[in-house]
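Participant: Just one file: structure_6.cif, with mmCIF, N, CA and C atoms.
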```cif
data_upload
#
loop_
_atom_site.label_atom_id
_atom_site.label_comp_id
_atom_site.auth_asym_id
_atom_site.auth_seq_id
_atom_site.Cartn_x
_atom_site.Cartn_y
_atom_site.Cartn_z
N MET L 1 53.96 124.37 150.63
CA MET L 1 53.83 124.38 149.19
C MET L 1 55.20 124.36 148.53
N THR L 2 56.13 125.13 149.03
CA THR L 2 57.48 125.18 148.48
C THR L 2 58.15 123.83 148.63
N ASN L 3 57.94 123.19 149.75
CA ASN L 3 58.52 121.87 150.01
C ASN L 3 58.01 120.85 149.00
N THR L 4 56.72 120.88 148.69
CA THR L 4 56.13 119.96 147.72
C THR L 4 56.71 120.22 146.33
N LYS L 5 56.87 121.50 145.97
CA LYS L 5 57.42 121.85 144.66
C LYS L 5 58.85 121.35 144.53
N ASN L 6 59.68 121.49 145.57
CA ASN L 6 61.06 121.01 145.55
C ASN L 6 61.10 119.49 145.40
N THR L 7 60.20 118.79 146.06
CA THR L 7 60.14 117.33 145.98
C THR L 7 59.78 116.90 144.56
N GLU L 8 58.82 117.59 143.93
CA GLU L 8 58.43 117.25 142.56
C GLU L 8 59.57 117.52 141.58
N GLU L 9 60.28 118.63 141.75
CA GLU L 9 61.41 118.93 140.90
C GLU L 9 62.52 117.90 141.07
N SER L 10 62.74 117.48 142.31
CA SER L 10 63.76 116.48 142.60
C SER L 10 63.42 115.15 141.92
N GLN L 11 62.14 114.76 142.00
CA GLN L 11 61.72 113.51 141.37
C GLN L 11 61.84 113.60 139.84
N GLY L 12 61.48 114.74 139.28
CA GLY L 12 61.59 114.95 137.83
C GLY L 12 63.04 114.89 137.38
N SER L 13 63.92 115.49 138.14
CA SER L 13 65.35 115.46 137.83
C SER L 13 65.89 114.04 137.89
N GLN L 14 65.45 113.28 138.89
CA GLN L 14 65.91 111.89 139.04
C GLN L 14 65.41 111.04 137.87
N GLU L 15 64.16 111.26 137.45
CA GLU L 15 63.61 110.50 136.32
C GLU L 15 64.37 110.82 135.03
N ASN L 16 64.71 112.09 134.83
CA ASN L 16 65.50 112.48 133.65
C ASN L 16 66.86 111.81 133.66
N GLN L 17 67.49 111.78 134.82
CA GLN L 17 68.80 111.14 134.94
C GLN L 17 68.71 109.65 134.65
N GLU L 18 67.69 108.97 135.19
CA GLU L 18 67.51 107.54 134.95
C GLU L 18 67.23 107.27 133.47
N SER L 19 66.43 108.15 132.86
CA SER L 19 66.14 108.00 131.43
C SER L 19 67.41 108.14 130.60
N GLN L 20 68.25 109.12 130.93
CA GLN L 20 69.51 109.33 130.22
C GLN L 20 70.43 108.12 130.40
N GLU L 21 70.52 107.59 131.60
CA GLU L 21 71.35 106.41 131.87
C GLU L 21 70.86 105.21 131.07
N SER L 22 69.54 105.07 130.98
CA SER L 22 68.96 103.97 130.20
C SER L 22 69.33 104.09 128.73
N ARG L 23 69.26 105.32 128.17
CA ARG L 23 69.64 105.53 126.77
C ARG L 23 71.12 105.26 126.55
N ASN L 24 71.96 105.70 127.47
CA ASN L 24 73.40 105.45 127.36
C ASN L 24 73.70 103.97 127.40
N SER L 25 73.02 103.25 128.27
CA SER L 25 73.22 101.80 128.37
C SER L 25 72.83 101.11 127.07
N ALA L 26 71.70 101.52 126.48
CA ALA L 26 71.25 100.93 125.21
C ALA L 26 72.24 101.23 124.10
N ASN L 27 72.77 102.46 124.05
CA ASN L 27 73.75 102.82 123.03
C ASN L 27 75.03 102.02 123.19
N ASN L 28 75.49 101.84 124.42
CA ASN L 28 76.70 101.06 124.66
C ASN L 28 76.52 99.61 124.26
N SER L 29 75.35 99.03 124.53
CA SER L 29 75.14 97.63 124.16
C SER L 29 75.07 97.47 122.65
N ARG L 30 74.54 98.50 121.93
CA ARG L 30 74.49 98.43 120.47
C ARG L 30 75.88 98.52 119.87
N SER L 31 76.75 99.35 120.44
CA SER L 31 78.07 99.53 119.86
C SER L 31 78.97 98.32 120.10
N THR L 32 78.71 97.51 121.10
CA THR L 32 79.53 96.34 121.36
C THR L 32 78.93 95.07 120.75
N LYS L 33 77.72 95.16 120.20
CA LYS L 33 77.06 94.00 119.61
C LYS L 33 77.75 93.62 118.31
N ARG L 34 78.07 92.36 118.15
CA ARG L 34 78.69 91.87 116.93
C ARG L 34 77.63 91.70 115.85
N PRO L 35 78.00 91.95 114.59
CA PRO L 35 77.03 91.79 113.50
C PRO L 35 76.70 90.31 113.29
N SER L 36 75.50 90.05 112.80
CA SER L 36 75.09 88.68 112.50
C SER L 36 75.81 88.23 111.23
N PRO L 37 75.86 86.92 110.98
CA PRO L 37 76.49 86.43 109.74
C PRO L 37 75.89 87.06 108.47
N MET L 38 74.57 87.24 108.44
CA MET L 38 73.95 87.85 107.25
C MET L 38 74.38 89.31 107.09
N GLU L 39 74.52 90.03 108.20
CA GLU L 39 75.00 91.41 108.12
C GLU L 39 76.43 91.45 107.61
N VAL L 40 77.25 90.49 108.06
CA VAL L 40 78.64 90.41 107.61
C VAL L 40 78.69 90.16 106.10
N LEU L 41 77.86 89.23 105.62
CA LEU L 41 77.82 88.94 104.17
C LEU L 41 77.43 90.17 103.37
N ARG L 42 76.39 90.87 103.81
CA ARG L 42 75.94 92.06 103.09
C ARG L 42 77.04 93.14 103.07
N GLN L 43 77.66 93.34 104.23
CA GLN L 43 78.73 94.35 104.32
C GLN L 43 79.89 93.97 103.41
N ALA L 44 80.28 92.71 103.41
CA ALA L 44 81.41 92.26 102.61
C ALA L 44 81.13 92.48 101.12
N ARG L 45 79.96 92.07 100.67
CA ARG L 45 79.61 92.24 99.26
C ARG L 45 79.60 93.71 98.87
N GLY L 46 79.02 94.55 99.71
CA GLY L 46 78.95 95.98 99.42
C GLY L 46 80.33 96.63 99.40
N GLN L 47 81.17 96.29 100.37
CA GLN L 47 82.50 96.88 100.44
C GLN L 47 83.37 96.43 99.27
N LEU L 48 83.29 95.15 98.90
CA LEU L 48 84.07 94.65 97.77
C LEU L 48 83.62 95.32 96.48
N ALA L 49 82.32 95.46 96.30
CA ALA L 49 81.79 96.13 95.10
C ALA L 49 82.26 97.58 95.04
N GLU L 50 82.28 98.25 96.18
CA GLU L 50 82.72 99.64 96.21
C GLU L 50 84.20 99.76 95.84
N LEU L 51 85.01 98.82 96.29
CA LEU L 51 86.44 98.88 96.02
C LEU L 51 86.80 98.45 94.60
N THR L 52 86.14 97.42 94.08
CA THR L 52 86.50 96.88 92.78
C THR L 52 85.66 97.44 91.64
N GLY L 53 84.49 97.96 91.94
CA GLY L 53 83.59 98.44 90.90
C GLY L 53 82.82 97.31 90.24
N MET L 54 82.90 96.11 90.82
CA MET L 54 82.20 94.94 90.27
C MET L 54 81.29 94.34 91.33
N GLU L 55 80.08 93.98 90.92
CA GLU L 55 79.11 93.41 91.85
C GLU L 55 79.41 91.94 92.13
N ALA L 56 79.29 91.56 93.39
CA ALA L 56 79.45 90.16 93.78
C ALA L 56 78.20 89.40 93.34
N GLU L 57 78.41 88.24 92.72
CA GLU L 57 77.27 87.41 92.30
C GLU L 57 76.88 86.42 93.38
N SER L 58 77.87 85.87 94.08
CA SER L 58 77.57 84.90 95.12
C SER L 58 78.75 84.80 96.09
N VAL L 59 78.47 84.20 97.22
CA VAL L 59 79.51 83.90 98.21
C VAL L 59 79.63 82.38 98.24
N SER L 60 80.80 81.86 97.86
CA SER L 60 80.97 80.42 97.77
C SER L 60 81.59 79.82 99.02
N SER L 61 82.14 80.66 99.88
CA SER L 61 82.75 80.17 101.12
C SER L 61 82.65 81.26 102.17
N PHE L 62 82.33 80.87 103.41
CA PHE L 62 82.13 81.83 104.49
C PHE L 62 82.45 81.15 105.81
N GLU L 63 83.36 81.75 106.59
CA GLU L 63 83.67 81.18 107.90
C GLU L 63 84.17 82.25 108.86
N GLN L 64 83.91 81.99 110.14
CA GLN L 64 84.43 82.88 111.18
C GLN L 64 85.80 82.38 111.57
N THR L 65 86.75 83.30 111.70
CA THR L 65 88.12 82.96 112.07
C THR L 65 88.47 83.65 113.38
N GLU L 66 89.67 83.39 113.88
CA GLU L 66 90.12 84.05 115.10
C GLU L 66 90.27 85.55 114.88
N GLU L 67 90.62 85.96 113.65
CA GLU L 67 90.84 87.37 113.34
C GLU L 67 89.57 88.08 112.90
N GLY L 68 88.50 87.35 112.59
CA GLY L 68 87.25 87.96 112.11
C GLY L 68 86.48 87.01 111.23
N TRP L 69 86.45 87.30 109.93
CA TRP L 69 85.69 86.51 108.97
C TRP L 69 86.50 86.33 107.69
N ALA L 70 86.33 85.17 107.03
CA ALA L 70 86.98 84.89 105.75
C ALA L 70 85.90 84.43 104.78
N LEU L 71 85.90 85.01 103.59
CA LEU L 71 84.91 84.68 102.57
C LEU L 71 85.59 84.47 101.24
N GLU L 72 84.94 83.70 100.38
CA GLU L 72 85.33 83.64 98.97
C GLU L 72 84.11 84.09 98.19
N VAL L 73 84.30 85.15 97.41
CA VAL L 73 83.20 85.80 96.70
C VAL L 73 83.41 85.67 95.20
N GLU L 74 82.34 85.28 94.50
CA GLU L 74 82.38 85.14 93.04
C GLU L 74 81.88 86.44 92.41
N VAL L 75 82.67 86.96 91.47
CA VAL L 75 82.40 88.26 90.85
C VAL L 75 82.42 88.12 89.33
N LEU L 76 81.49 88.78 88.66
CA LEU L 76 81.49 88.85 87.20
C LEU L 76 82.48 89.93 86.79
N GLU L 77 83.58 89.55 86.15
CA GLU L 77 84.60 90.52 85.75
C GLU L 77 84.41 91.04 84.34
N LEU L 78 83.97 90.18 83.43
CA LEU L 78 83.80 90.60 82.04
C LEU L 78 82.62 89.85 81.44
N GLU L 79 81.58 90.60 81.10
CA GLU L 79 80.38 89.99 80.54
C GLU L 79 80.56 89.75 79.05
N ARG L 80 80.23 88.53 78.61
CA ARG L 80 80.34 88.17 77.20
C ARG L 80 79.06 87.49 76.74
N VAL L 81 78.92 87.38 75.41
CA VAL L 81 77.80 86.66 74.81
C VAL L 81 78.38 85.50 74.05
N PRO L 82 77.93 84.30 74.30
CA PRO L 82 76.90 83.91 75.26
C PRO L 82 77.41 84.03 76.70
N ASP L 83 76.47 84.05 77.63
CA ASP L 83 76.78 84.26 79.04
C ASP L 83 77.77 83.22 79.59
N THR L 84 77.75 82.02 79.03
CA THR L 84 78.66 80.97 79.51
C THR L 84 80.12 81.28 79.23
N MET L 85 80.38 82.27 78.38
CA MET L 85 81.75 82.68 78.08
C MET L 85 82.21 83.87 78.92
N SER L 86 81.33 84.40 79.77
CA SER L 86 81.70 85.53 80.62
C SER L 86 82.83 85.15 81.57
N LEU L 87 83.69 86.11 81.87
CA LEU L 87 84.79 85.86 82.80
C LEU L 87 84.38 86.15 84.23
N MET L 88 84.58 85.16 85.07
CA MET L 88 84.27 85.25 86.49
C MET L 88 85.59 85.26 87.26
N ALA L 89 85.52 85.67 88.52
CA ALA L 89 86.69 85.63 89.38
C ALA L 89 86.27 85.31 90.80
N SER L 90 87.13 84.61 91.51
CA SER L 90 86.92 84.34 92.93
C SER L 90 87.85 85.25 93.71
N TYR L 91 87.29 85.96 94.66
CA TYR L 91 88.07 86.84 95.52
C TYR L 91 88.04 86.30 96.95
N GLN L 92 89.20 86.23 97.55
CA GLN L 92 89.31 85.88 98.95
C GLN L 92 89.22 87.20 99.73
N VAL L 93 88.26 87.28 100.63
CA VAL L 93 87.98 88.52 101.34
C VAL L 93 88.14 88.27 102.84
N GLU L 94 88.84 89.18 103.50
CA GLU L 94 89.02 89.09 104.95
C GLU L 94 88.39 90.30 105.62
N LEU L 95 87.65 90.02 106.70
CA LEU L 95 86.98 91.08 107.45
C LEU L 95 87.38 91.00 108.91
N ASP L 96 87.32 92.13 109.60
CA ASP L 96 87.58 92.12 111.03
C ASP L 96 86.33 91.59 111.75
N PRO L 97 86.37 91.42 113.08
CA PRO L 97 85.21 90.87 113.80
C PRO L 97 83.94 91.70 113.65
N ASP L 98 84.08 93.00 113.35
CA ASP L 98 82.91 93.87 113.18
C ASP L 98 82.38 93.87 111.76
N GLY L 99 83.00 93.11 110.85
CA GLY L 99 82.54 93.03 109.47
C GLY L 99 83.13 94.06 108.54
N GLN L 100 84.18 94.75 108.96
CA GLN L 100 84.83 95.74 108.10
C GLN L 100 85.93 95.07 107.28
N LEU L 101 85.93 95.32 105.98
CA LEU L 101 86.89 94.71 105.09
C LEU L 101 88.31 95.17 105.43
N ILE L 102 89.20 94.19 105.60
CA ILE L 102 90.60 94.53 105.90
C ILE L 102 91.54 94.07 104.79
N GLY L 103 91.04 93.25 103.87
CA GLY L 103 91.87 92.83 102.74
C GLY L 103 91.10 91.94 101.79
N TYR L 104 91.55 91.93 100.54
CA TYR L 104 90.99 91.01 99.54
C TYR L 104 92.03 90.76 98.48
N ARG L 105 91.87 89.63 97.77
CA ARG L 105 92.74 89.34 96.64
C ARG L 105 92.02 88.37 95.71
N ARG L 106 92.31 88.51 94.42
CA ARG L 106 91.73 87.59 93.45
C ARG L 106 92.54 86.31 93.49
N VAL L 107 91.86 85.18 93.66
CA VAL L 107 92.56 83.90 93.75
C VAL L 107 92.44 83.06 92.49
N ARG L 108 91.45 83.35 91.66
CA ARG L 108 91.36 82.65 90.37
C ARG L 108 90.41 83.38 89.45
N ARG L 109 90.58 83.10 88.16
CA ARG L 109 89.73 83.67 87.11
C ARG L 109 89.32 82.54 86.20
N TYR L 110 88.07 82.53 85.76
CA TYR L 110 87.58 81.41 84.96
C TYR L 110 86.39 81.83 84.12
N GLU L 111 86.09 81.03 83.08
CA GLU L 111 84.90 81.27 82.28
C GLU L 111 83.71 80.66 83.01
N ARG L 112 82.59 81.35 82.98
CA ARG L 112 81.40 80.92 83.72
C ARG L 112 80.99 79.49 83.36
N GLY L 113 81.09 79.12 82.12
CA GLY L 113 80.61 77.81 81.68
C GLY L 113 81.58 76.66 81.90
N ARG L 114 82.75 76.91 82.46
CA ARG L 114 83.74 75.86 82.65
C ARG L 114 83.76 75.34 84.07
N ALA L 115 83.80 74.02 84.17
CA ALA L 115 83.93 73.38 85.48
C ALA L 115 85.40 73.47 85.91
N ASP L 116 85.62 73.62 87.17
CA ASP L 116 86.98 73.72 87.71
C ASP L 116 87.43 72.34 88.16
N ALA L 117 88.33 71.71 87.40
CA ALA L 117 88.80 70.36 87.70
C ALA L 117 89.75 70.36 88.89
N ARG L 118 90.36 71.49 89.18
CA ARG L 118 91.37 71.55 90.25
C ARG L 118 90.75 71.52 91.63
N ARG L 119 89.58 72.12 91.78
CA ARG L 119 88.98 72.23 93.11
C ARG L 119 87.53 71.76 93.09
N SER L 120 87.10 71.22 94.20
CA SER L 120 85.73 70.72 94.28
C SER L 120 84.79 71.76 94.88
N GLY L 121 85.21 73.02 94.98
CA GLY L 121 84.36 74.08 95.51
C GLY L 121 84.81 74.53 96.87
N GLY L 122 84.43 75.73 97.22
CA GLY L 122 84.81 76.29 98.53
C GLY L 122 86.28 76.51 98.62
N ARG L 123 86.83 76.37 99.81
CA ARG L 123 88.25 76.62 100.05
C ARG L 123 89.07 75.39 99.97
#
```
Spell out the structure here as structure tokens.
Facilitator:
Amino acid sequence: MTNTKNTEESQGSQENQESQESRNSANNSRSTKRPSPMEVLRQARGQLAELTGMEAESVSSFEQTEEGWALEVEVLELERVPDTMSLMASYQVELDPDGQLIGYRRVRRYERGRADARRSGGR
């Protein structure tokens, strides 16, 4: 009887250890998983809004680079009436491979209703 009890305890201990190893493996794979492009876009918009206090209206350029990600984000800087006179800005945003913001800068400012003759869009 004692021998059977020891065998059952040994099997239970082994199952607990295997279960723990399985959980650790799943956690490790999650921490090394790169974010999807949509996750990167959401993170970038949220982080830029938190830093500037202005909500991103759209992303006009998005690409993966050797250093991570590069985006151009359109932001409403000053709301006016009529809406076509509101001041917009394009921000160049750089993220690391995990989607964390590492830098941004405003590259241009314009009225919403004006076409940009200098550039045909994007970068």
Participant: Residues within 9 Å of segment 67-78 of chain L, please, as a PyMOL selection string. Count only C-alpha atoms; anything in the same chain fewer than 6 positions from it doesn't count.
Facilitator: chain L and resi 40-41+44-45+48-49+54-61+86-99+107+109+112+122-123
Participant: Using DSSP secondary structure from the backbone, list all strand (DSSP E) positions within segment 15-106 of chain L, as a ChimeraX atom specification.
Facilitator: /L:56-64,69-78,87-95,101-106
Participant: Let's have the selection written as a CSV table (one decimal), in the frame of the given file, with N, CA and C atoms.
Facilitator:
```
chain,number,residue,atom,x,y,z
L,56,ALA,N,79.3,91.6,93.4
L,56,ALA,CA,79.4,90.2,93.8
L,56,ALA,C,78.2,89.4,93.3
L,57,GLU,N,78.4,88.2,92.7
L,57,GLU,CA,77.3,87.4,92.3
L,57,GLU,C,76.9,86.4,93.4
L,58,SER,N,77.9,85.9,94.1
L,58,SER,CA,77.6,84.9,95.1
L,58,SER,C,78.8,84.8,96.1
L,59,VAL,N,78.5,84.2,97.2
L,59,VAL,CA,79.5,83.9,98.2
L,59,VAL,C,79.6,82.4,98.2
L,60,SER,N,80.8,81.9,97.9
L,60,SER,CA,81.0,80.4,97.8
L,60,SER,C,81.6,79.8,99.0
L,61,SER,N,82.1,80.7,99.9
L,61,SER,CA,82.8,80.2,101.1
L,61,SER,C,82.6,81.3,102.2
L,62,PHE,N,82.3,80.9,103.4
L,62,PHE,CA,82.1,81.8,104.5
L,62,PHE,C,82.4,81.2,105.8
L,63,GLU,N,83.4,81.8,106.6
L,63,GLU,CA,83.7,81.2,107.9
L,63,GLU,C,84.2,82.2,108.9
L,64,GLN,N,83.9,82.0,110.1
L,64,GLN,CA,84.4,82.9,111.2
L,64,GLN,C,85.8,82.4,111.6
L,69,TRP,N,86.4,87.3,109.9
L,69,TRP,CA,85.7,86.5,109.0
L,69,TRP,C,86.5,86.3,107.7
L,70,ALA,N,86.3,85.2,107.0
L,70,ALA,CA,87.0,84.9,105.8
L,70,ALA,C,85.9,84.4,104.8
L,71,LEU,N,85.9,85.0,103.6
L,71,LEU,CA,84.9,84.7,102.6
L,71,LEU,C,85.6,84.5,101.2
L,72,GLU,N,84.9,83.7,100.4
L,72,GLU,CA,85.3,83.6,99.0
L,72,GLU,C,84.1,84.1,98.2
L,73,VAL,N,84.3,85.2,97.4
L,73,VAL,CA,83.2,85.8,96.7
L,73,VAL,C,83.4,85.7,95.2
L,74,GLU,N,82.3,85.3,94.5
L,74,GLU,CA,82.4,85.1,93.0
L,74,GLU,C,81.9,86.4,92.4
L,75,VAL,N,82.7,87.0,91.5
L,75,VAL,CA,82.4,88.3,90.8
L,75,VAL,C,82.4,88.1,89.3
L,76,LEU,N,81.5,88.8,88.7
L,76,LEU,CA,81.5,88.8,87.2
L,76,LEU,C,82.5,89.9,86.8
L,77,GLU,N,83.6,89.6,86.2
L,77,GLU,CA,84.6,90.5,85.8
L,77,GLU,C,84.4,91.0,84.3
L,78,LEU,N,84.0,90.2,83.4
L,78,LEU,CA,83.8,90.6,82.0
L,78,LEU,C,82.6,89.8,81.4
L,87,LEU,N,83.7,86.1,81.9
L,87,LEU,CA,84.8,85.9,82.8
L,87,LEU,C,84.4,86.2,84.2
L,88,MET,N,84.6,85.2,85.1
L,88,MET,CA,84.3,85.2,86.5
L,88,MET,C,85.6,85.3,87.3
L,89,ALA,N,85.5,85.7,88.5
L,89,ALA,CA,86.7,85.6,89.4
L,89,ALA,C,86.3,85.3,90.8
L,90,SER,N,87.1,84.6,91.5
L,90,SER,CA,86.9,84.3,92.9
L,90,SER,C,87.8,85.2,93.7
L,91,TYR,N,87.3,86.0,94.7
L,91,TYR,CA,88.1,86.8,95.5
L,91,TYR,C,88.0,86.3,97.0
L,92,GLN,N,89.2,86.2,97.6
L,92,GLN,CA,89.3,85.9,99.0
L,92,GLN,C,89.2,87.2,99.7
L,93,VAL,N,88.3,87.3,100.6
L,93,VAL,CA,88.0,88.5,101.3
L,93,VAL,C,88.1,88.3,102.8
L,94,GLU,N,88.8,89.2,103.5
L,94,GLU,CA,89.0,89.1,105.0
L,94,GLU,C,88.4,90.3,105.6
L,95,LEU,N,87.6,90.0,106.7
L,95,LEU,CA,87.0,91.1,107.4
L,95,LEU,C,87.4,91.0,108.9
L,101,LEU,N,85.9,95.3,106.0
L,101,LEU,CA,86.9,94.7,105.1
L,101,LEU,C,88.3,95.2,105.4
L,102,ILE,N,89.2,94.2,105.6
L,102,ILE,CA,90.6,94.5,105.9
L,102,ILE,C,91.5,94.1,104.8
L,103,GLY,N,91.0,93.2,103.9
L,103,GLY,CA,91.9,92.8,102.7
L,103,GLY,C,91.1,91.9,101.8
L,104,TYR,N,91.6,91.9,100.5
L,104,TYR,CA,91.0,91.0,99.5
L,104,TYR,C,92.0,90.8,98.5
L,105,ARG,N,91.9,89.6,97.8
L,105,ARG,CA,92.7,89.3,96.6
L,105,ARG,C,92.0,88.4,95.7
L,106,ARG,N,92.3,88.5,94.4
L,106,ARG,CA,91.7,87.6,93.4
L,106,ARG,C,92.5,86.3,93.5
```
Participant: Taking 2 positions as the minimum chain separation for residues in the same chain, which residues sit within 6 Å of Gly113 of chain L when counting only N, CA and C atoms? Answer as an NGL selection string.
Facilitator: :L and (83-86 or 111 or 115)
Participant: Report the distance between atom CA of Pro37 of chain L and atom CA of Arg105 of chain L in Å, rounded to one decimal place.
Facilitator: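 These two atoms are separated by 21.1 Å.
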Participant: To one decimal place, how far is atom CA of Glu39 of chain L from atom CA of Gln100 of chain L in Å?
Facilitator: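 These atoms are spaced 10.7 Å apart.
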Participant: Just how far from atom CA of Gln43 of chain L is atom CA of Ile102 of chain L, in Å to one decimal?
Facilitator: 12.0 Å
